[in-house]
Amino acid sequence: MNEKIKTREEIAKIVAELKTQGKKIITTNGCFDILHTGHATYLEQAKKLGDVLIVGLNSDASVRTYKGPERPINKQEDRALMLAALESVNFVTIFEEPTPIPLLEQIKPHVHVKGGDYTKEKMCETPTVEKHGGKIVILPLIEGKSTTNIITTIKSK
């Protein structure tokens, strides 16, 4: 599992090599705080769009900036290990910035994937991905499957 978790520098070298081999690079990003079936299904669907799936994982500090001081529930190292344990995920890299744009500038994926709670037009990633010839794909949202719903259920018990 740990061999799937890479630094940004390592990811840059890996991606360069994979592109010389003609591999199609898929990226996605997010918090992935409490991994659930919605995440697993989404990542499996994303992987089918290419050869190599790289997950950009928001650092703990990054998550707090947009989810609030009580999040994440799980530390970034634990979240990275859980993602790395999934067969559909080839690599995980943690990013500190508020958005994945610097990571996407580095990787220049062929396809960047987000869930159905996003729209291509409102995503900050869209201009970066498209200027490098990549494509944005929005996968269908799996209703009722979210970390927020899980936290709400736990708190109500």
# chains A, B, ... in the order shown; residues from 1 in each chain; ligands from 1
$ select_by_dssp --residues "chain A" --states "strand (DSSP E)" --output "list of chain:residue names"
A:Ile25, A:Ile26, A:Thr27, A:Thr28, A:Asn29, A:Gly30, A:Val52, A:Leu53, A:Ile54, A:Val55, A:Gly56, A:Leu57, A:Asn58, A:Phe91, A:Val92, A:Thr93, A:Ile94, A:Phe95, A:Val111, A:His112, A:Val113, A:Lys114, A:Gly115, A:Lys135, A:Ile136, A:Val137, A:Ile138, A:Leu139
$ residues_around --residues "A:Leu83" --least-positions-apart "6" --cutoff "10 Å" --atoms "only C-alpha atoms" --output "ChimeraX atom specification"
/A:1,4-5,32,35,39-40,43,55,57,89-92
$ closest_residue --among "A:Lys120, A:Lys131, A:His36, A:Arg64" --to "A:Leu86" --atoms "only C-alpha atoms"
A:His36
$ residues_around --residues "A:Thr93" --least-positions-apart "4" --cutoff "12 Å" --atoms "only C-alpha atoms" --output "MDAnalysis selection string"
chainID A and resid 2:12 14 27:31 53:59 76:77 79:81 83:84 89 100 103:104 107
$ write_last_selection --atoms "N, CA and C atoms" --output "compact mmCIF listing (two decimals), in the first residue's frame"
# COMPACT_ATOMS: atom_id res chain seq x y z
N ASN A 2 1.82 1.30 0.93
CA ASN A 2 2.64 2.52 1.06
C ASN A 2 3.35 2.89 -0.23
N GLU A 3 3.66 1.89 -1.06
CA GLU A 3 4.37 2.20 -2.31
C GLU A 3 3.51 2.99 -3.29
N LYS A 4 2.22 3.08 -3.03
CA LYS A 4 1.33 3.87 -3.88
C LYS A 4 1.28 5.34 -3.46
N ILE A 5 1.73 5.66 -2.26
CA ILE A 5 1.69 7.03 -1.75
C ILE A 5 3.00 7.71 -2.13
N LYS A 6 2.89 8.78 -2.93
CA LYS A 6 4.07 9.43 -3.49
C LYS A 6 4.08 10.92 -3.19
N THR A 7 5.28 11.47 -3.13
CA THR A 7 5.44 12.92 -3.02
C THR A 7 5.13 13.53 -4.38
N ARG A 8 4.98 14.84 -4.40
CA ARG A 8 4.73 15.53 -5.67
C ARG A 8 5.89 15.32 -6.64
N GLU A 9 7.11 15.34 -6.12
CA GLU A 9 8.28 15.15 -6.97
C GLU A 9 8.28 13.75 -7.58
N GLU A 10 7.96 12.76 -6.78
CA GLU A 10 7.89 11.38 -7.28
C GLU A 10 6.79 11.24 -8.33
N ILE A 11 5.64 11.85 -8.07
CA ILE A 11 4.53 11.79 -9.02
C ILE A 11 4.94 12.41 -10.35
N ALA A 12 5.64 13.53 -10.33
CA ALA A 12 6.07 14.18 -11.57
C ALA A 12 6.93 13.24 -12.41
N ILE A 14 7.05 9.89 -12.21
CA ILE A 14 6.24 8.74 -12.62
C ILE A 14 5.37 9.10 -13.81
N THR A 27 -6.90 11.82 -13.23
CA THR A 27 -6.75 12.38 -11.88
C THR A 27 -8.12 12.66 -11.29
N THR A 28 -8.15 12.68 -9.99
CA THR A 28 -9.27 13.19 -9.22
C THR A 28 -8.68 13.73 -7.94
N ASN A 29 -9.50 14.43 -7.19
CA ASN A 29 -8.99 14.96 -5.92
C ASN A 29 -10.14 15.09 -4.93
N GLY A 30 -9.76 15.19 -3.66
CA GLY A 30 -10.77 15.39 -2.63
C GLY A 30 -10.23 15.09 -1.25
N CYS A 31 -11.15 15.15 -0.31
CA CYS A 31 -10.86 14.95 1.10
C CYS A 31 -10.84 13.45 1.45
N LEU A 53 -4.77 5.87 -12.42
CA LEU A 53 -5.56 6.81 -11.61
C LEU A 53 -4.70 7.36 -10.49
N ILE A 54 -4.56 8.69 -10.48
CA ILE A 54 -3.83 9.39 -9.43
C ILE A 54 -4.83 10.21 -8.63
N VAL A 55 -4.84 9.99 -7.32
CA VAL A 55 -5.73 10.74 -6.43
C VAL A 55 -4.94 11.81 -5.71
N GLY A 56 -5.35 13.06 -5.91
CA GLY A 56 -4.80 14.18 -5.16
C GLY A 56 -5.61 14.31 -3.88
N LEU A 57 -4.97 14.13 -2.75
CA LEU A 57 -5.64 14.13 -1.45
C LEU A 57 -5.37 15.45 -0.73
N ASN A 58 -6.45 16.14 -0.36
CA ASN A 58 -6.29 17.38 0.42
C ASN A 58 -5.61 17.06 1.74
N SER A 59 -4.61 17.85 2.10
CA SER A 59 -3.96 17.71 3.40
C SER A 59 -4.96 18.07 4.50
N GLN A 76 -4.49 12.81 7.43
CA GLN A 76 -4.14 12.64 6.03
C GLN A 76 -3.39 11.34 5.76
N GLU A 77 -2.52 10.92 6.66
CA GLU A 77 -1.78 9.67 6.46
C GLU A 77 -2.73 8.48 6.43
N ARG A 79 -6.01 8.61 5.69
CA ARG A 79 -6.84 8.72 4.49
C ARG A 79 -6.07 8.26 3.26
N ALA A 80 -4.78 8.62 3.19
CA ALA A 80 -3.94 8.19 2.07
C ALA A 80 -3.79 6.67 2.05
N LEU A 81 -3.59 6.07 3.21
CA LEU A 81 -3.46 4.60 3.28
C LEU A 81 -4.74 3.90 2.85
N LEU A 83 -7.03 5.03 0.74
CA LEU A 83 -7.14 5.16 -0.71
C LEU A 83 -6.16 4.22 -1.42
N ALA A 84 -4.94 4.15 -0.91
CA ALA A 84 -3.92 3.30 -1.51
C ALA A 84 -4.30 1.82 -1.45
N VAL A 89 -7.04 2.52 -7.37
CA VAL A 89 -6.13 3.66 -7.20
C VAL A 89 -4.69 3.22 -7.44
N PRO A 100 -6.53 21.94 -6.19
CA PRO A 100 -5.58 21.03 -6.82
C PRO A 100 -4.89 21.61 -8.06
N LEU A 103 -1.15 20.98 -8.57
CA LEU A 103 -0.93 19.56 -8.85
C LEU A 103 -1.31 19.24 -10.30
N LEU A 104 -2.43 19.77 -10.75
CA LEU A 104 -2.88 19.52 -12.12
C LEU A 104 -1.96 20.18 -13.14
N ILE A 107 0.86 17.58 -13.34
CA ILE A 107 0.52 16.29 -13.94
C ILE A 107 0.03 16.43 -15.38
$ select_by_dssp --residues "chain A" --states "helix (DSSP H, G or I)" --output "MDAnalysis selection string"
chainID A and resid 2:4 8:20 37:47 60:67 76:84 101:107 120:122 126:131 147:156
$ closest_residue --among "A:Lys67, A:Ile73, A:Pro140, A:Gly133" --to "A:Thr119" --atoms "only C-alpha atoms"
A:Pro140
$ closest_residue --among "A:Glu17, A:Glu125, A:Glu130, A:Asp33" --to "A:Glu70" --atoms "only C-alpha atoms"
A:Asp33
$ residues_around --residues "A:Thr65" --least-positions-apart "5" --cutoff "10 Å" --atoms "only C-alpha atoms" --output "list in words"
Asp60, Arg71, Glu97 and Pro98 of chain A
$ closest_atom_pairs --of "stretch 14-58 of chain A" --to "stretch 134-139 of chain A" --cutoff "12 Å" --atoms "only C-alpha atoms" --output "tab-separated table"
residue	atom	partner	partner_atom	distance
A:Lys24	CA	A:Gly134	CA	10.4
A:Ile25	CA	A:Gly134	CA	9.6
A:Ile26	CA	A:Gly134	CA	9.5
A:Thr27	CA	A:Ile136	CA	9.7
A:Thr28	CA	A:Val137	CA	9.8
A:Gly38	CA	A:Leu139	CA	11.2
A:His39	CA	A:Leu139	CA	11.3
A:Thr41	CA	A:Leu139	CA	10.1
A:Tyr42	CA	A:Leu139	CA	7.1
A:Leu43	CA	A:Leu139	CA	9.7
A:Glu44	CA	A:Leu139	CA	10.8
A:Gln45	CA	A:Leu139	CA	7.7
A:Ala46	CA	A:Leu139	CA	7.8
A:Lys47	CA	A:Leu139	CA	11.5
A:Lys48	CA	A:Leu139	CA	11.5
A:Leu49	CA	A:Val137	CA	9.1
A:Gly50	CA	A:Lys135	CA	11.7
$ write_last_selection --atoms "C-alpha atoms" --output "compact mmCIF listing (two decimals), in the first residue's frame"
# COMPACT_ATOMS: atom_id res chain seq x y z
CA LYS A 24 -3.67 7.68 -20.28
CA ILE A 25 -3.48 9.54 -16.96
CA ILE A 26 -6.65 10.10 -14.92
CA THR A 27 -6.75 12.38 -11.88
CA THR A 28 -9.27 13.19 -9.22
CA GLY A 38 -19.79 6.01 -2.83
CA HIS A 39 -16.06 6.77 -2.89
CA THR A 41 -17.68 3.17 -6.75
CA TYR A 42 -16.62 6.62 -7.95
CA LEU A 43 -12.93 5.67 -7.98
CA GLU A 44 -13.64 2.41 -9.85
CA GLN A 45 -15.57 4.37 -12.49
CA ALA A 46 -12.77 6.95 -12.74
CA LYS A 47 -10.14 4.25 -13.26
CA LYS A 48 -12.08 2.84 -16.22
CA LEU A 49 -11.50 6.11 -18.09
CA GLY A 50 -7.78 5.47 -18.54
$ atom_distance --atom1 "atom CA of A:Gln21" --atom2 "atom CA of A:Met82"
28.1 Å
$ decode --residues "stretch 57-148 of chain A" --atoms "C-alpha atoms" --output "PDB file, in the first residue's frame"
ATOM      1  CA  LEU A  57      -5.640  14.134  -1.453  1.00  0.00           C
ATOM      2  CA  ASN A  58      -6.285  17.375   0.416  1.00  0.00           C
ATOM      3  CA  SER A  59      -3.960  17.713   3.402  1.00  0.00           C
ATOM      4  CA  ASP A  60      -5.489  18.100   6.864  1.00  0.00           C
ATOM      5  CA  ALA A  61      -4.855  21.852   6.779  1.00  0.00           C
ATOM      6  CA  SER A  62      -6.402  22.140   3.332  1.00  0.00           C
ATOM      7  CA  VAL A  63      -9.527  20.251   4.450  1.00  0.00           C
ATOM      8  CA  ARG A  64      -9.973  22.528   7.475  1.00  0.00           C
ATOM      9  CA  THR A  65      -9.990  25.608   5.232  1.00  0.00           C
ATOM     10  CA  TYR A  66     -13.102  24.489   3.381  1.00  0.00           C
ATOM     11  CA  LYS A  67     -14.800  21.956   5.696  1.00  0.00           C
ATOM     12  CA  GLY A  68     -14.233  23.710   9.020  1.00  0.00           C
ATOM     13  CA  PRO A  69     -12.212  23.125  12.197  1.00  0.00           C
ATOM     14  CA  GLU A  70     -13.852  19.777  13.078  1.00  0.00           C
ATOM     15  CA  ARG A  71     -12.716  18.154   9.843  1.00  0.00           C
ATOM     16  CA  PRO A  72     -11.102  16.004   8.737  1.00  0.00           C
ATOM     17  CA  ILE A  73     -12.085  13.173  11.045  1.00  0.00           C
ATOM     18  CA  ASN A  74      -9.183  11.015   9.864  1.00  0.00           C
ATOM     19  CA  LYS A  75      -5.608  12.256   9.508  1.00  0.00           C
ATOM     20  CA  GLN A  76      -4.139  12.636   6.029  1.00  0.00           C
ATOM     21  CA  GLU A  77      -1.782   9.670   6.460  1.00  0.00           C
ATOM     22  CA  ASP A  78      -4.716   7.400   7.354  1.00  0.00           C
ATOM     23  CA  ARG A  79      -6.840   8.724   4.493  1.00  0.00           C
ATOM     24  CA  ALA A  80      -3.939   8.189   2.071  1.00  0.00           C
ATOM     25  CA  LEU A  81      -3.465   4.604   3.275  1.00  0.00           C
ATOM     26  CA  MET A  82      -7.159   3.815   2.853  1.00  0.00           C
ATOM     27  CA  LEU A  83      -7.138   5.160  -0.710  1.00  0.00           C
ATOM     28  CA  ALA A  84      -3.921   3.302  -1.513  1.00  0.00           C
ATOM     29  CA  ALA A  85      -5.570   0.059  -0.357  1.00  0.00           C
ATOM     30  CA  LEU A  86      -8.106   0.305  -3.177  1.00  0.00           C
ATOM     31  CA  GLU A  87      -7.309  -1.687  -6.305  1.00  0.00           C
ATOM     32  CA  SER A  88      -8.605   1.091  -8.569  1.00  0.00           C
ATOM     33  CA  VAL A  89      -6.130   3.662  -7.203  1.00  0.00           C
ATOM     34  CA  ASN A  90      -2.626   3.577  -8.663  1.00  0.00           C
ATOM     35  CA  PHE A  91      -1.105   6.504  -6.770  1.00  0.00           C
ATOM     36  CA  VAL A  92      -2.017   8.965  -4.026  1.00  0.00           C
ATOM     37  CA  THR A  93      -0.322  12.290  -3.431  1.00  0.00           C
ATOM     38  CA  ILE A  94      -1.167  14.806  -0.704  1.00  0.00           C
ATOM     39  CA  PHE A  95      -1.450  18.478  -1.596  1.00  0.00           C
ATOM     40  CA  GLU A  96      -1.356  21.415   0.814  1.00  0.00           C
ATOM     41  CA  GLU A  97      -2.865  24.101  -1.406  1.00  0.00           C
ATOM     42  CA  PRO A  98      -6.544  25.085  -1.165  1.00  0.00           C
ATOM     43  CA  THR A  99      -7.129  23.796  -4.721  1.00  0.00           C
ATOM     44  CA  PRO A 100      -5.576  21.026  -6.823  1.00  0.00           C
ATOM     45  CA  ILE A 101      -4.576  23.475  -9.567  1.00  0.00           C
ATOM     46  CA  PRO A 102      -0.788  23.373  -8.853  1.00  0.00           C
ATOM     47  CA  LEU A 103      -0.927  19.557  -8.851  1.00  0.00           C
ATOM     48  CA  LEU A 104      -2.883  19.520 -12.120  1.00  0.00           C
ATOM     49  CA  GLU A 105      -0.413  21.975 -13.669  1.00  0.00           C
ATOM     50  CA  GLN A 106       2.308  19.482 -12.831  1.00  0.00           C
ATOM     51  CA  ILE A 107       0.523  16.289 -13.943  1.00  0.00           C
ATOM     52  CA  LYS A 108      -1.408  17.644 -16.959  1.00  0.00           C
ATOM     53  CA  PRO A 109      -3.844  14.715 -16.895  1.00  0.00           C
ATOM     54  CA  HIS A 110      -5.631  13.414 -19.944  1.00  0.00           C
ATOM     55  CA  VAL A 111      -8.831  13.287 -17.865  1.00  0.00           C
ATOM     56  CA  HIS A 112      -9.759  14.915 -14.543  1.00  0.00           C
ATOM     57  CA  VAL A 113     -12.782  13.403 -12.804  1.00  0.00           C
ATOM     58  CA  LYS A 114     -15.200  14.824 -10.239  1.00  0.00           C
ATOM     59  CA  GLY A 115     -18.478  13.604  -8.774  1.00  0.00           C
ATOM     60  CA  GLY A 116     -21.974  14.666  -9.754  1.00  0.00           C
ATOM     61  CA  ASP A 117     -22.138  17.281  -7.005  1.00  0.00           C
ATOM     62  CA  TYR A 118     -19.856  19.406  -9.255  1.00  0.00           C
ATOM     63  CA  THR A 119     -20.402  21.015 -12.638  1.00  0.00           C
ATOM     64  CA  LYS A 120     -17.667  21.509 -15.211  1.00  0.00           C
ATOM     65  CA  GLU A 121     -18.531  25.188 -15.530  1.00  0.00           C
ATOM     66  CA  LYS A 122     -18.134  25.922 -11.814  1.00  0.00           C
ATOM     67  CA  MET A 123     -14.977  23.867 -11.194  1.00  0.00           C
ATOM     68  CA  CYS A 124     -11.762  25.815 -10.632  1.00  0.00           C
ATOM     69  CA  GLU A 125      -9.849  22.912 -12.228  1.00  0.00           C
ATOM     70  CA  THR A 126     -11.542  23.131 -15.637  1.00  0.00           C
ATOM     71  CA  PRO A 127      -9.418  25.917 -17.234  1.00  0.00           C
ATOM     72  CA  THR A 128      -6.159  24.301 -16.095  1.00  0.00           C
ATOM     73  CA  VAL A 129      -7.047  20.825 -17.340  1.00  0.00           C
ATOM     74  CA  GLU A 130      -8.431  22.057 -20.656  1.00  0.00           C
ATOM     75  CA  LYS A 131      -5.527  24.403 -21.433  1.00  0.00           C
ATOM     76  CA  HIS A 132      -3.244  21.348 -21.398  1.00  0.00           C
ATOM     77  CA  GLY A 133      -5.566  19.386 -23.708  1.00  0.00           C
ATOM     78  CA  GLY A 134      -7.246  17.384 -20.959  1.00  0.00           C
ATOM     79  CA  LYS A 135     -10.907  16.618 -20.503  1.00  0.00           C
ATOM     80  CA  ILE A 136     -13.210  17.015 -17.495  1.00  0.00           C
ATOM     81  CA  VAL A 137     -15.551  14.124 -16.730  1.00  0.00           C
ATOM     82  CA  ILE A 138     -18.348  14.394 -14.172  1.00  0.00           C
ATOM     83  CA  LEU A 139     -19.440  11.019 -12.819  1.00  0.00           C
ATOM     84  CA  PRO A 140     -22.955  10.480 -11.458  1.00  0.00           C
ATOM     85  CA  LEU A 141     -23.474  11.172  -7.785  1.00  0.00           C
ATOM     86  CA  ILE A 142     -24.383   8.123  -5.731  1.00  0.00           C
ATOM     87  CA  GLU A 143     -27.361   9.342  -3.753  1.00  0.00           C
ATOM     88  CA  GLY A 144     -27.235   9.103   0.019  1.00  0.00           C
ATOM     89  CA  LYS A 145     -23.559   8.185   0.143  1.00  0.00           C
ATOM     90  CA  SER A 146     -21.506  10.949   1.723  1.00  0.00           C
ATOM     91  CA  THR A 147     -19.145  11.508   4.617  1.00  0.00           C
ATOM     92  CA  THR A 148     -21.391  14.325   5.846  1.00  0.00           C
TER      93      THR A 148
END
